[in-house]
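Chemist: Please see the structure below; I have some questions.
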Amino acid sequence: MDGERRVAIWVEGTRSKRDAVRRLEELVSGRERVGARAGVPAAHGVSSPPGVAAPDGVRARRTVWRRRGMDITWITDRIAVGGGIWSAENMAMVAREGITHIIDMQIEFDDTPLAKEHDIAVLWNPTDDDFEVKPAELFERGVKFAKKALDQDESKVFIHCAAGVHRAPMMTLAVLGAMGWDVDEAMELIEGRRPVADFADVYVRSVEKYLANSRPTKRV
């Protein structure tokens, strides 16, 4: 896969694409007041904030944007990817989607207390979105949890981080790869269903290294 294929992002005050994507995550999670001049696809629960434009567009202005509701993209009929849950109201929305298991990749927030009321099983598998190599153990925890969940009839797995841009797609790639998907095909599937997904080269290499030492099973 071409390592330069990326979601186009422009955010005022950022010096690099990496900084811009981090700022995007802050936007999506609604945790920071941002001077916005950004261009991101308005899809899968992520919409352009007020005052947003491409670099040649509208003059930047300061604004507050908070996403309402849940950001969930179904990759297969039983595996979904998305952004942070954060609240009891959003957890109730997750439950209404029929989701029975959650892989929470956020280092920022543990979903476990919110999920208890709905009998949703949670694997808190926290990792920082630091663009560093990820250990095999991180993927192994998520893959084992997902495989055990999907062995149960009618179960559905939601894999998420703060914005559903880096960490959740990375973990989903590992899960699909461990279930027999070719890595490139799995990335195309994820990106096709969720255009905001961004596969940093270092994360893809980490997944590939893990998969090289694991035994694939069946597709889901």
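Labeling convention for the structure tokens: chains A, B, ... as they appear, residues from 1 per chain, ligands from 1 in order of appearance.
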Within 7 Å of stretch 157-179 of chain A, which residues of stretch 185-205 of chain A come that close, and what is the closest atom pair and distance in Å for each? Count only C-alpha atoms and give it as JSON lines.

Modeler:
{"residue": "A:Ala186", "atom": "CA", "partner": "A:Leu173", "partner_atom": "CA", "distance": 6.2}
{"residue": "A:Met187", "atom": "CA", "partner": "A:Leu173", "partner_atom": "CA", "distance": 6.7}
{"residue": "A:Val196", "atom": "CA", "partner": "A:Val165", "partner_atom": "CA", "distance": 5.9}
{"residue": "A:Ala197", "atom": "CA", "partner": "A:Val165", "partner_atom": "CA", "distance": 4.5}
{"residue": "A:Asp198", "atom": "CA", "partner": "A:Val165", "partner_atom": "CA", "distance": 5.5}
{"residue": "A:Phe199", "atom": "CA", "partner": "A:His166", "partner_atom": "CA", "distance": 6.3}
{"residue": "A:Tyr203", "atom": "CA", "partner": "A:Met170", "partner_atom": "CA", "distance": 6.5}

Chemist: If DSSP is run on the backbone, what residues of stretch 60-208 of chain A are helix (DSSP H, G or I)? A reply as a ChimeraX atom specification would be ideal.

Modeler: /A:88-96,112-118,136-150,167-178,183-193,201-208

Chemist: What does the structure give for the distance between atom CA of A:Gly180 and atom CA of A:Gly98, in Å to one decimal?

Modeler: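 Calculated distance between atom CA of A:Gly180 and atom CA of A:Gly98 is 24.7 Å.
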
Chemist: Distance atom CA of A:Glu97-atom CA of A:Asp128, one decimal place?

Modeler: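 Those two atoms sit 27.2 Å apart.
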
Chemist: Could you find all residues in stretch 146-180 of chain A that DSSP calls strand (DSSP E) from the backbone, and write them as a list of chain:residue names?

Modeler: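 Strand (DSSP E) assignments inside stretch 146-180 of chain A correspond to A:Val157, A:Phe158, A:Ile159, A:His160.
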
Chemist: Show me, as a ChimeraX atom specification, the residues that have an atom within 10 Å of A:Ser155 when counting only C-alpha atoms, minus same-chain residues fewer than 4 positions from it.

Modeler: /A:78-79,98-101,146,148-151

Chemist: With C-alpha atoms retained, could you export that selection as an mmCIF file, in the first residue's frame?

Modeler:
data_model
loop_
_atom_site.group_PDB
_atom_site.id
_atom_site.type_symbol
_atom_site.label_atom_id
_atom_site.label_comp_id
_atom_site.auth_asym_id
_atom_site.auth_seq_id
_atom_site.Cartn_x
_atom_site.Cartn_y
_atom_site.Cartn_z
ATOM 1 C CA ARG A 78 -20.231 -8.095 13.214
ATOM 2 C CA ILE A 79 -17.200 -5.815 13.546
ATOM 3 C CA GLY A 98 -26.538 -4.784 19.291
ATOM 4 C CA ILE A 99 -22.885 -4.516 20.295
ATOM 5 C CA THR A 100 -21.956 -7.100 22.922
ATOM 6 C CA HIS A 101 -18.186 -6.586 23.171
ATOM 7 C CA ALA A 146 -12.337 -10.546 19.484
ATOM 8 C CA LYS A 148 -13.613 -15.406 21.702
ATOM 9 C CA ALA A 149 -16.417 -12.879 21.294
ATOM 10 C CA LEU A 150 -17.094 -13.771 17.664
ATOM 11 C CA ASP A 151 -17.244 -17.466 18.492
#

Chemist: Pick from A:Val81, A:Met91, A:Ala136, A:Leu189: nearest to A:Asp111, with only C-alpha atoms counted?

Modeler: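 Going through A:Val81, A:Met91, A:Ala136, A:Leu189 one by one, the smallest distance to A:Asp111 is for A:Met91.
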
Chemist: Give the answer as one residue: which of A:Leu138, A:Ile102, A:Leu114, A:Val94 has the shortest atom-to-atom distance to A:Val207, using only C-alpha atoms?

Modeler: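 Using only C-alpha atoms, the shortest distance to A:Val207 belongs to A:Leu138.
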